[in-house]
>>> print(open('target-v5.cif').read())   # mmCIF, C-alpha atoms; chains and numbers go by the auth columns
data_input
#
loop_
_atom_site.group_PDB
_atom_site.id
_atom_site.type_symbol
_atom_site.label_atom_id
_atom_site.label_comp_id
_atom_site.label_asym_id
_atom_site.label_seq_id
_atom_site.Cartn_x
_atom_site.Cartn_y
_atom_site.Cartn_z
_atom_site.B_iso_or_equiv
_atom_site.auth_seq_id
_atom_site.auth_asym_id
ATOM 1 C CA MET A 1 0.000 0.000 0.000 0.00 1217 A
ATOM 2 C CA THR A 2 1.339 3.389 -0.903 0.00 1218 A
ATOM 3 C CA ALA A 3 0.489 6.844 0.323 0.00 1219 A
ATOM 4 C CA ALA A 4 1.311 9.947 -1.646 0.00 1220 A
ATOM 5 C CA ALA A 5 0.613 13.141 0.240 0.00 1221 A
ATOM 6 C CA THR A 6 2.595 16.193 1.038 0.00 1222 A
ATOM 7 C CA PRO A 7 3.201 16.902 4.713 0.00 1223 A
ATOM 8 C CA GLU A 8 0.873 19.865 4.328 0.00 1224 A
ATOM 9 C CA ARG A 9 -1.979 17.677 3.139 0.00 1225 A
ATOM 10 C CA ALA A 10 -1.428 15.178 5.909 0.00 1226 A
ATOM 11 C CA GLY A 11 -1.397 17.997 8.424 0.00 1227 A
ATOM 12 C CA GLU A 12 -4.569 19.450 6.931 0.00 1228 A
ATOM 13 C CA LEU A 13 -6.420 16.181 7.331 0.00 1229 A
ATOM 14 C CA LEU A 14 -5.185 15.696 10.860 0.00 1230 A
ATOM 15 C CA ARG A 15 -6.359 19.184 11.790 0.00 1231 A
ATOM 16 C CA LEU A 16 -9.783 18.483 10.293 0.00 1232 A
ATOM 17 C CA LEU A 17 -10.147 15.106 11.964 0.00 1233 A
ATOM 18 C CA GLY A 18 -8.916 15.855 15.455 0.00 1234 A
ATOM 19 C CA ASP A 19 -7.892 12.921 17.638 0.00 1235 A
ATOM 20 C CA PRO A 20 -7.291 9.943 15.304 0.00 1236 A
ATOM 21 C CA ALA A 21 -8.080 7.418 18.023 0.00 1237 A
ATOM 22 C CA GLN A 22 -11.439 9.037 18.569 0.00 1238 A
ATOM 23 C CA VAL A 23 -12.174 8.979 14.846 0.00 1239 A
ATOM 24 C CA VAL A 24 -11.323 5.273 14.681 0.00 1240 A
ATOM 25 C CA ALA A 25 -13.723 4.688 17.583 0.00 1241 A
ATOM 26 C CA GLU A 26 -16.455 6.797 15.971 0.00 1242 A
ATOM 27 C CA LEU A 27 -16.142 4.944 12.680 0.00 1243 A
ATOM 28 C CA LYS A 28 -16.468 1.664 14.583 0.00 1244 A
ATOM 29 C CA GLN A 29 -19.743 2.992 15.973 0.00 1245 A
ATOM 30 C CA VAL A 30 -20.892 3.894 12.477 0.00 1246 A
ATOM 31 C CA ARG A 31 -20.111 0.361 11.429 0.00 1247 A
ATOM 32 C CA GLN A 32 -22.220 -0.914 14.343 0.00 1248 A
ATOM 33 C CA SER A 33 -25.097 1.252 13.171 0.00 1249 A
ATOM 34 C CA ALA A 34 -24.721 0.034 9.616 0.00 1250 A
ATOM 35 C CA GLU A 35 -24.844 -3.577 10.786 0.00 1251 A
ATOM 36 C CA ILE A 36 -28.294 -2.883 12.193 0.00 1252 A
ATOM 37 C CA LEU A 37 -29.340 -1.942 8.667 0.00 1253 A
ATOM 38 C CA SER A 38 -28.079 -5.327 7.463 0.00 1254 A
ATOM 39 C CA SER A 39 -29.461 -7.308 10.377 0.00 1255 A
ATOM 40 C CA ASP A 40 -32.398 -9.690 10.472 0.00 1256 A
ATOM 41 C CA GLN A 41 -32.654 -9.392 14.277 0.00 1257 A
ATOM 42 C CA PRO A 42 -34.255 -6.946 14.557 0.00 1258 A
ATOM 43 C CA ARG A 43 -35.482 -6.040 11.103 0.00 1259 A
ATOM 44 C CA LEU A 44 -36.007 -2.304 10.933 0.00 1260 A
ATOM 45 C CA ILE A 45 -38.617 -2.860 8.265 0.00 1261 A
ATOM 46 C CA ASP A 46 -40.752 -4.595 10.905 0.00 1262 A
ATOM 47 C CA GLU A 47 -40.150 -2.074 13.680 0.00 1263 A
ATOM 48 C CA HIS A 48 -40.061 1.250 11.777 0.00 1264 A
ATOM 49 C CA PRO A 49 -41.908 0.757 8.489 0.00 1265 A
ATOM 50 C CA GLN A 50 -42.319 3.851 6.307 0.00 1266 A
ATOM 51 C CA LYS A 51 -40.336 5.964 8.796 0.00 1267 A
ATOM 52 C CA TRP A 52 -37.087 7.856 8.660 0.00 1268 A
ATOM 53 C CA VAL A 53 -34.732 6.525 11.320 0.00 1269 A
ATOM 54 C CA ALA A 54 -31.459 7.782 12.766 0.00 1270 A
ATOM 55 C CA LEU A 55 -28.948 5.244 14.044 0.00 1271 A
ATOM 56 C CA HIS A 56 -26.046 5.955 16.346 0.00 1272 A
ATOM 57 C CA ALA A 57 -23.636 3.446 17.863 0.00 1273 A
ATOM 58 C CA GLY A 58 -25.789 0.542 16.808 0.00 1274 A
ATOM 59 C CA THR A 59 -29.055 1.903 18.184 0.00 1275 A
ATOM 60 C CA VAL A 60 -32.055 3.628 16.661 0.00 1276 A
ATOM 61 C CA ILE A 61 -32.049 6.968 18.458 0.00 1277 A
ATOM 62 C CA ALA A 62 -34.900 8.707 16.626 0.00 1278 A
ATOM 63 C CA GLU A 63 -37.581 8.225 14.027 0.00 1279 A
ATOM 64 C CA GLY A 64 -39.773 10.593 12.052 0.00 1280 A
ATOM 65 C CA ASP A 65 -42.244 10.816 9.225 0.00 1281 A
ATOM 66 C CA THR A 66 -39.982 13.170 7.299 0.00 1282 A
ATOM 67 C CA LEU A 67 -36.247 13.717 7.173 0.00 1283 A
ATOM 68 C CA ALA A 68 -36.669 17.250 8.518 0.00 1284 A
ATOM 69 C CA GLU A 69 -38.695 15.960 11.475 0.00 1285 A
ATOM 70 C CA LEU A 70 -36.099 13.282 12.150 0.00 1286 A
ATOM 71 C CA LEU A 71 -33.159 15.713 12.129 0.00 1287 A
ATOM 72 C CA ALA A 72 -35.069 18.133 14.362 0.00 1288 A
ATOM 73 C CA THR A 73 -35.607 15.315 16.865 0.00 1289 A
ATOM 74 C CA VAL A 74 -31.919 14.385 16.760 0.00 1290 A
ATOM 75 C CA ASP A 75 -30.920 18.015 17.276 0.00 1291 A
ATOM 76 C CA ALA A 76 -33.282 18.282 20.237 0.00 1292 A
ATOM 77 C CA THR A 77 -32.322 15.034 21.919 0.00 1293 A
ATOM 78 C CA ASN A 78 -28.803 14.061 20.777 0.00 1294 A
ATOM 79 C CA PRO A 79 -27.249 17.118 19.130 0.00 1295 A
ATOM 80 C CA GLU A 80 -23.691 15.849 19.659 0.00 1296 A
ATOM 81 C CA SER A 81 -24.456 12.786 17.560 0.00 1297 A
ATOM 82 C CA ARG A 82 -25.596 14.691 14.457 0.00 1298 A
ATOM 83 C CA SER A 83 -22.324 14.225 12.542 0.00 1299 A
ATOM 84 C CA HIS A 84 -22.177 10.533 13.367 0.00 1300 A
ATOM 85 C CA ILE A 85 -25.684 9.277 12.690 0.00 1301 A
ATOM 86 C CA LEU A 86 -26.810 7.183 9.767 0.00 1302 A
ATOM 87 C CA VAL A 87 -30.215 8.126 8.425 0.00 1303 A
ATOM 88 C CA ARG A 88 -32.432 5.929 6.282 0.00 1304 A
ATOM 89 C CA PHE A 89 -36.014 5.785 5.128 0.00 1305 A
ATOM 90 C CA ILE A 90 -37.263 2.299 5.984 0.00 1306 A
ATOM 91 C CA ASP A 91 -39.297 1.572 2.907 0.00 1307 A
ATOM 92 C CA ARG A 92 -41.655 -1.378 3.032 0.00 1308 A
ATOM 93 C CA HIS A 93 -41.647 -1.389 -0.743 0.00 1309 A
ATOM 94 C CA GLN A 94 -38.166 -2.143 -1.979 0.00 1310 A
ATOM 95 C CA GLN A 95 -37.038 0.417 -4.521 0.00 1311 A
ATOM 96 C CA THR A 96 -35.138 -0.514 -7.623 0.00 1312 A
ATOM 97 C CA LEU A 97 -32.039 1.591 -8.087 0.00 1313 A
ATOM 98 C CA ILE A 98 -30.471 2.134 -11.487 0.00 1314 A
ATOM 99 C CA LEU A 99 -27.597 4.450 -10.734 0.00 1315 A
ATOM 100 C CA MET B 1 -8.435 -4.329 5.037 0.00 1001 B
ATOM 101 C CA LEU B 2 -11.770 -2.557 4.971 0.00 1002 B
ATOM 102 C CA ILE B 3 -14.961 -4.509 5.560 0.00 1003 B
ATOM 103 C CA GLY B 4 -18.178 -3.690 3.731 0.00 1004 B
ATOM 104 C CA ARG B 5 -21.623 -5.212 3.990 0.00 1005 B
ATOM 105 C CA PHE B 6 -24.683 -6.063 1.947 0.00 1006 B
ATOM 106 C CA GLY B 7 -28.095 -4.545 2.696 0.00 1007 B
ATOM 107 C CA ASN B 8 -30.395 -7.252 3.994 0.00 1008 B
ATOM 108 C CA THR B 9 -33.362 -6.384 1.800 0.00 1009 B
ATOM 109 C CA SER B 10 -31.732 -4.689 -1.164 0.00 1010 B
ATOM 110 C CA GLY B 11 -28.550 -6.778 -1.319 0.00 1011 B
ATOM 111 C CA CYS B 12 -26.815 -3.508 -2.142 0.00 1012 B
ATOM 112 C CA PRO B 13 -23.090 -3.319 -1.306 0.00 1013 B
ATOM 113 C CA TYR B 14 -22.175 -0.675 1.269 0.00 1014 B
ATOM 114 C CA ILE B 15 -19.159 0.631 3.102 0.00 1015 B
ATOM 115 C CA GLU B 16 -18.976 3.162 5.906 0.00 1016 B
ATOM 116 C CA GLY B 17 -16.718 6.184 6.005 0.00 1017 B
ATOM 117 C CA ARG B 18 -16.427 9.867 6.843 0.00 1018 B
ATOM 118 C CA LEU B 19 -16.760 12.800 4.461 0.00 1019 B
ATOM 119 C CA LEU B 20 -15.244 16.176 5.306 0.00 1020 B
ATOM 120 C CA ILE B 21 -15.815 19.397 3.378 0.00 1021 B
ATOM 121 C CA PRO B 22 -13.095 21.780 4.578 0.00 1022 B
ATOM 122 C CA ARG B 23 -14.550 24.965 3.052 0.00 1023 B
ATOM 123 C CA PHE B 24 -17.652 24.638 5.196 0.00 1024 B
ATOM 124 C CA SER B 25 -15.989 22.943 8.178 0.00 1025 B
ATOM 125 C CA ILE B 26 -18.564 20.167 8.165 0.00 1026 B
ATOM 126 C CA HIS B 27 -18.318 16.419 8.227 0.00 1027 B
ATOM 127 C CA GLY B 28 -20.561 13.406 8.388 0.00 1028 B
ATOM 128 C CA ASP B 29 -20.347 9.639 8.680 0.00 1029 B
ATOM 129 C CA PHE B 30 -22.141 7.710 5.984 0.00 1030 B
ATOM 130 C CA SER B 31 -22.872 4.274 4.633 0.00 1031 B
ATOM 131 C CA PHE B 32 -22.021 4.595 0.949 0.00 1032 B
ATOM 132 C CA ILE B 33 -23.325 2.408 -1.830 0.00 1033 B
ATOM 133 C CA VAL B 34 -20.287 0.839 -3.472 0.00 1034 B
ATOM 134 C CA ASP B 35 -20.919 1.899 -7.078 0.00 1035 B
ATOM 135 C CA THR B 36 -18.376 0.730 -9.618 0.00 1036 B
ATOM 136 C CA GLY B 37 -20.572 2.330 -12.299 0.00 1037 B
ATOM 137 C CA ALA B 38 -20.162 5.829 -10.890 0.00 1038 B
ATOM 138 C CA ASP B 39 -17.224 7.839 -12.180 0.00 1039 B
ATOM 139 C CA ASN B 40 -17.257 9.986 -9.068 0.00 1040 B
ATOM 140 C CA THR B 41 -18.236 9.837 -5.429 0.00 1041 B
ATOM 141 C CA PHE B 42 -21.646 11.492 -4.947 0.00 1042 B
ATOM 142 C CA LEU B 43 -23.142 13.121 -1.886 0.00 1043 B
ATOM 143 C CA MET B 44 -26.887 12.617 -2.006 0.00 1044 B
ATOM 144 C CA PRO B 45 -29.498 15.013 -0.556 0.00 1045 B
ATOM 145 C CA ALA B 46 -30.392 13.143 2.648 0.00 1046 B
ATOM 146 C CA ASP B 47 -26.750 12.792 3.641 0.00 1047 B
ATOM 147 C CA ALA B 48 -26.093 16.409 2.671 0.00 1048 B
ATOM 148 C CA ALA B 49 -28.938 17.513 4.938 0.00 1049 B
ATOM 149 C CA THR B 50 -27.667 15.319 7.747 0.00 1050 B
ATOM 150 C CA MET B 51 -24.203 16.866 7.616 0.00 1051 B
ATOM 151 C CA GLY B 52 -25.736 20.340 7.585 0.00 1052 B
ATOM 152 C CA LEU B 53 -24.753 21.377 4.076 0.00 1053 B
ATOM 153 C CA ASP B 54 -26.035 24.792 3.007 0.00 1054 B
ATOM 154 C CA TYR B 55 -26.790 24.431 -0.704 0.00 1055 B
ATOM 155 C CA GLY B 56 -26.844 28.218 -1.020 0.00 1056 B
ATOM 156 C CA ARG B 57 -23.078 28.301 -0.439 0.00 1057 B
ATOM 157 C CA LEU B 58 -22.223 25.911 -3.250 0.00 1058 B
ATOM 158 C CA GLU B 59 -20.541 27.616 -6.195 0.00 1059 B
ATOM 159 C CA ASN B 60 -19.084 25.180 -8.689 0.00 1060 B
ATOM 160 C CA PHE B 61 -22.202 24.156 -10.626 0.00 1061 B
ATOM 161 C CA ASP B 62 -21.895 21.291 -13.084 0.00 1062 B
ATOM 162 C CA ASP B 63 -24.569 20.202 -15.565 0.00 1063 B
ATOM 163 C CA THR B 64 -22.428 17.750 -17.523 0.00 1064 B
ATOM 164 C CA ALA B 65 -23.089 14.595 -15.486 0.00 1065 B
ATOM 165 C CA LYS B 66 -25.499 11.955 -16.729 0.00 1066 B
ATOM 166 C CA GLY B 67 -27.257 9.124 -14.909 0.00 1067 B
ATOM 167 C CA ALA B 68 -29.573 6.336 -15.948 0.00 1068 B
ATOM 168 C CA GLY B 69 -32.451 8.799 -15.598 0.00 1069 B
ATOM 169 C CA GLY B 70 -30.857 11.523 -17.704 0.00 1070 B
ATOM 170 C CA PRO B 71 -28.841 14.676 -17.008 0.00 1071 B
ATOM 171 C CA ILE B 72 -27.801 15.388 -13.428 0.00 1072 B
ATOM 172 C CA ASN B 73 -27.231 18.840 -12.002 0.00 1073 B
ATOM 173 C CA SER B 74 -24.583 18.885 -9.335 0.00 1074 B
ATOM 174 C CA TYR B 75 -21.869 20.893 -7.634 0.00 1075 B
ATOM 175 C CA LYS B 76 -18.185 20.140 -7.179 0.00 1076 B
ATOM 176 C CA GLU B 77 -16.413 20.677 -3.901 0.00 1077 B
ATOM 177 C CA PRO B 78 -12.939 19.703 -2.624 0.00 1078 B
ATOM 178 C CA ALA B 79 -13.353 17.105 0.091 0.00 1079 B
ATOM 179 C CA TRP B 80 -11.727 14.338 2.070 0.00 1080 B
ATOM 180 C CA ALA B 81 -13.042 10.831 2.507 0.00 1081 B
ATOM 181 C CA VAL B 82 -11.729 8.799 5.438 0.00 1082 B
ATOM 182 C CA PHE B 83 -12.092 5.078 6.064 0.00 1083 B
ATOM 183 C CA SER B 84 -10.923 2.902 8.928 0.00 1084 B
ATOM 184 C CA ASP B 85 -9.928 -0.728 9.268 0.00 1085 B
ATOM 185 C CA GLY B 86 -10.335 -0.466 13.033 0.00 1086 B
ATOM 186 C CA THR B 87 -6.753 0.559 13.732 0.00 1087 B
ATOM 187 C CA GLU B 88 -5.741 3.037 11.037 0.00 1088 B
ATOM 188 C CA LEU B 89 -7.365 5.853 9.091 0.00 1089 B
ATOM 189 C CA PHE B 90 -7.013 6.089 5.311 0.00 1090 B
ATOM 190 C CA GLY B 91 -7.597 9.525 3.825 0.00 1091 B
ATOM 191 C CA TYR B 92 -8.429 10.467 0.239 0.00 1092 B
ATOM 192 C CA ALA B 93 -8.419 14.025 -1.074 0.00 1093 B
ATOM 193 C CA PHE B 94 -10.800 14.282 -4.011 0.00 1094 B
ATOM 194 C CA THR B 95 -13.442 16.386 -5.708 0.00 1095 B
ATOM 195 C CA LEU B 96 -16.836 15.531 -4.269 0.00 1096 B
ATOM 196 C CA THR B 97 -19.878 15.671 -6.539 0.00 1097 B
ATOM 197 C CA ILE B 98 -22.905 16.977 -4.663 0.00 1098 B
ATOM 198 C CA LEU B 99 -26.250 16.250 -6.281 0.00 1099 B
ATOM 199 C CA GLU B 100 -28.540 19.262 -6.402 0.00 1100 B
ATOM 200 C CA TYR B 101 -31.333 19.076 -3.848 0.00 1101 B
ATOM 201 C CA ARG B 102 -34.035 16.789 -5.235 0.00 1102 B
ATOM 202 C CA GLY B 103 -36.818 15.431 -3.070 0.00 1103 B
ATOM 203 C CA ASP B 104 -37.185 12.376 -5.262 0.00 1104 B
ATOM 204 C CA MET B 105 -33.591 11.382 -4.458 0.00 1105 B
ATOM 205 C CA LEU B 106 -33.892 11.599 -0.673 0.00 1106 B
ATOM 206 C CA ASN B 107 -34.101 7.818 -0.351 0.00 1107 B
ATOM 207 C CA VAL B 108 -30.877 7.228 -2.249 0.00 1108 B
ATOM 208 C CA PRO B 109 -27.700 6.816 -0.165 0.00 1109 B
ATOM 209 C CA SER B 110 -24.485 8.530 -1.188 0.00 1110 B
ATOM 210 C CA LEU B 111 -22.324 6.719 -3.722 0.00 1111 B
ATOM 211 C CA LEU B 112 -18.707 5.713 -3.443 0.00 1112 B
ATOM 212 C CA GLY B 113 -17.424 5.901 -7.010 0.00 1113 B
ATOM 213 C CA ARG B 114 -14.408 4.827 -8.961 0.00 1114 B
ATOM 214 C CA ASP B 115 -12.403 7.919 -8.027 0.00 1115 B
ATOM 215 C CA ILE B 116 -11.781 6.115 -4.736 0.00 1116 B
ATOM 216 C CA LEU B 117 -12.620 2.491 -5.580 0.00 1117 B
ATOM 217 C CA HIS B 118 -9.827 2.414 -8.159 0.00 1118 B
ATOM 218 C CA ARG B 119 -7.386 2.715 -5.290 0.00 1119 B
ATOM 219 C CA TRP B 120 -8.621 -0.495 -3.663 0.00 1120 B
ATOM 220 C CA THR B 121 -8.901 -4.154 -4.611 0.00 1121 B
ATOM 221 C CA MET B 122 -12.408 -5.451 -4.000 0.00 1122 B
ATOM 222 C CA ASP B 123 -13.379 -8.970 -2.923 0.00 1123 B
ATOM 223 C CA TYR B 124 -17.104 -9.232 -3.642 0.00 1124 B
ATOM 224 C CA GLN B 125 -18.934 -12.433 -2.768 0.00 1125 B
ATOM 225 C CA PHE B 126 -22.627 -11.894 -2.119 0.00 1126 B
ATOM 226 C CA SER B 127 -23.407 -15.554 -1.444 0.00 1127 B
ATOM 227 C CA GLY B 128 -20.822 -15.617 1.308 0.00 1128 B
ATOM 228 C CA SER B 129 -21.719 -12.168 2.642 0.00 1129 B
ATOM 229 C CA ARG B 130 -18.131 -11.148 2.001 0.00 1130 B
ATOM 230 C CA LEU B 131 -17.308 -7.639 0.868 0.00 1131 B
ATOM 231 C CA GLN B 132 -13.727 -6.655 1.578 0.00 1132 B
ATOM 232 C CA PHE B 133 -11.348 -4.056 0.249 0.00 1133 B
ATOM 233 C CA GLU B 134 -7.588 -4.255 0.214 0.00 1134 B
ATOM 234 C CA ILE B 135 -6.184 -0.753 0.171 0.00 1135 B
ATOM 235 C CA GLU B 136 -3.646 -0.242 -2.591 0.00 1136 B
ATOM 236 C CA SER B 137 -3.039 3.434 -1.976 0.00 1137 B
ATOM 237 C CA ALA B 138 -4.193 6.346 0.126 0.00 1138 B
ATOM 238 C CA ASP B 139 -3.248 10.011 0.203 0.00 1139 B
ATOM 239 C CA VAL B 140 -2.728 9.892 3.936 0.00 1140 B
ATOM 240 C CA VAL B 141 -2.527 7.041 6.442 0.00 1141 B
ATOM 241 C CA ILE B 142 -2.970 7.905 10.105 0.00 1142 B
ATOM 242 C CA PRO B 143 -2.454 5.288 12.810 0.00 1143 B
ATOM 243 C CA GLY B 144 -5.161 5.362 15.444 0.00 1144 B
ATOM 244 C CA ILE B 145 -3.444 4.261 18.608 0.00 1145 B
ATOM 245 C CA SER B 146 0.034 2.904 19.087 0.00 1146 B
ATOM 246 C CA SER B 147 0.798 -0.144 21.201 0.00 1147 B
ATOM 247 C CA LEU B 148 1.448 2.269 24.071 0.00 1148 B
ATOM 248 C CA GLY B 149 -1.997 3.784 23.707 0.00 1149 B
ATOM 249 C CA VAL B 150 -0.583 7.034 22.362 0.00 1150 B
ATOM 250 C CA PRO B 151 -1.698 8.433 19.002 0.00 1151 B
ATOM 251 C CA ASN B 152 1.000 7.942 16.402 0.00 1152 B
ATOM 252 C CA THR B 153 2.282 10.383 13.849 0.00 1153 B
ATOM 253 C CA VAL B 154 1.123 10.599 10.256 0.00 1154 B
ATOM 254 C CA HIS B 155 2.539 8.365 7.542 0.00 1155 B
ATOM 255 C CA GLN B 156 2.924 9.772 4.070 0.00 1156 B
#
>>> encode(input="target-v5.cif", output="structure tokens")
Amino acid sequence: MTAAATPERAGELLRLLGDPAQVVAELKQVRQSAEILSSDQPRLIDEHPQKWVALHAGTVIAEGDTLAELLATVDATNPESRSHILVRFIDRHQQTLIL
Amino acid sequence: MLIGRFGNTSGCPYIEGRLLIPRFSIHGDFSFIVDTGADNTFLMPADAATMGLDYGRLENFDDTAKGAGGPINSYKEPAWAVFSDGTELFGYAFTLTILEYRGDMLNVPSLLGRDILHRWTMDYQFSGSRLQFEIESADVVIPGISSLGVPNTVHQ
């Protein structure tokens, strides 16, 4: 594996990220949240059908009928988590994506 | 090695990572669709809203992109994408494509395109639920914690 950055670029990223250990830990939590989206136990489609949900650290922390409502709930209840949540609309009717 | 996943209803391939947009000092953690058909990495409207993007501040408009549904209006913005294997951080400086705000695209997750995927080797086996990425190159590699529990310095 190779890396090709100037010291300035590396320093820029480090300044943006903050504590690398904390970022590693936060990305592990994001992974935990994502695994809920892939999990059969529980199935979000059974528990939150036709709702927007926000996941943080492997837990559903908010739901809403619209994305705006969901984000307002997150801001009111867990504002520090806003940059680290995964949001999804749990659609009972699977959409076909042609990207 | 980075570990991805498949959506349990869609079967769509995903991987999690962080996007940072330095000009606006915002960042967000996302589960990207792994899209080998996308030239570029795309930030979609729901993820843009989640990270607090102000569309009114976007400047570099681009109407040259095309998707399966026709022309796509978007904006370009310098960004970083960061991924972790659980011990290290791998950073990529790139030009992020931000889809214009469209309500009909709110359900579509952001896309990780070939601008970054071309720097990895992908092991894709849906039947075995295996989606792994060997990192061939990164712009910056940052160790998380050393064996002494102290953050290490940056590799280049």
>>> interface_residues(input="target-v5.cif", of="chain B", to="chain A", cutoff="6 Å", atoms="only C-alpha atoms", output="VMD selection string")
chain B and resid 1007 to 1008 1028 to 1029 1051 1068 1136 to 1140 1144 to 1145 1156
>>> residues_around(input="target-v5.cif", residues="Trp1120 of chain B", least_positions_apart="6", cutoff="6 Å", atoms="all atoms listed in the file", output="PyMOL selection string")
chain B and resi 1133-1136
>>> residues_around(input="target-v5.cif", residues="segment 1105-1115 of chain B", least_positions_apart="4", cutoff="8 Å", atoms="all atoms listed in the file", output="list in words")
Arg1304 and Phe1305 of chain A; Phe1030, Ser1031, Phe1032, Ile1033, Val1034, Asp1035, Thr1036, Gly1037, Ala1038, Asp1039, Asn1040, Thr1041, Phe1042, Leu1043, Met1044, Pro1045, Ala1046, Asp1047, Phe1094 and Arg1119 of chain B
>>> atom_distance(input="target-v5.cif", atom1="atom CA of Ala1278 of chain A", atom2="atom CA of Asn1294 of chain A")
9.1 Å
>>> resolve_selection(input="target-v5.cif", expression="the PyMOL selection byres ((chain B and resi 1006) around 9)", output="list in words")
Ser1254 of chain A; Gly1004, Arg1005, Gly1007, Asn1008, Thr1009, Ser1010, Gly1011, Cys1012, Pro1013, Tyr1014, Ile1015, Phe1126, Ser1129, Arg1130 and Leu1131 of chain B
>>> atom_distance(input="target-v5.cif", atom1="atom CA of Ile1072 of chain B", atom2="atom CA of Ala1093 of chain B")
23.0 Å
>>> atom_distance(input="target-v5.cif", atom1="atom CA of Pro1022 of chain B", atom2="atom CA of Val1276 of chain A")
28.9 Å
>>> closest_residue(input="target-v5.cif", among="B:Leu1053, B:Leu1089, B:Ala1081, B:Ile1026", to="Leu1117 of chain B", atoms="all atoms listed in the file")
B:Ala1081
>>> resolve_selection(input="target-v5.cif", expression="the PyMOL selection byres ((chain B and resi 1088) around 6)", output="tab-separated table (two decimals) with C-alpha atoms, in the frame of the given file")
chain	number	residue	atom	x	y	z
B	1084	SER	CA	-10.92	2.90	8.93
B	1085	ASP	CA	-9.93	-0.73	9.27
B	1087	THR	CA	-6.75	0.56	13.73
B	1089	LEU	CA	-7.36	5.85	9.09
B	1142	ILE	CA	-2.97	7.90	10.10
B	1143	PRO	CA	-2.45	5.29	12.81
B	1144	GLY	CA	-5.16	5.36	15.44
>>> resolve_selection(input="target-v5.cif", expression="the PyMOL selection byres ((chain B and resi 1073) around 6)", output="list in words")
Asp1062, Asp1063, Ile1072, Ser1074 and Glu1100 of chain B
>>> write_last_selection(input="target-v5.cif", atoms="C-alpha atoms", output="compact mmCIF listing (two decimals), in the coordinates of the input")
# COMPACT_ATOMS: atom_id res chain seq x y z
CA ASP B 1062 -21.90 21.29 -13.08
CA ASP B 1063 -24.57 20.20 -15.56
CA ILE B 1072 -27.80 15.39 -13.43
CA SER B 1074 -24.58 18.89 -9.34
CA GLU B 1100 -28.54 19.26 -6.40
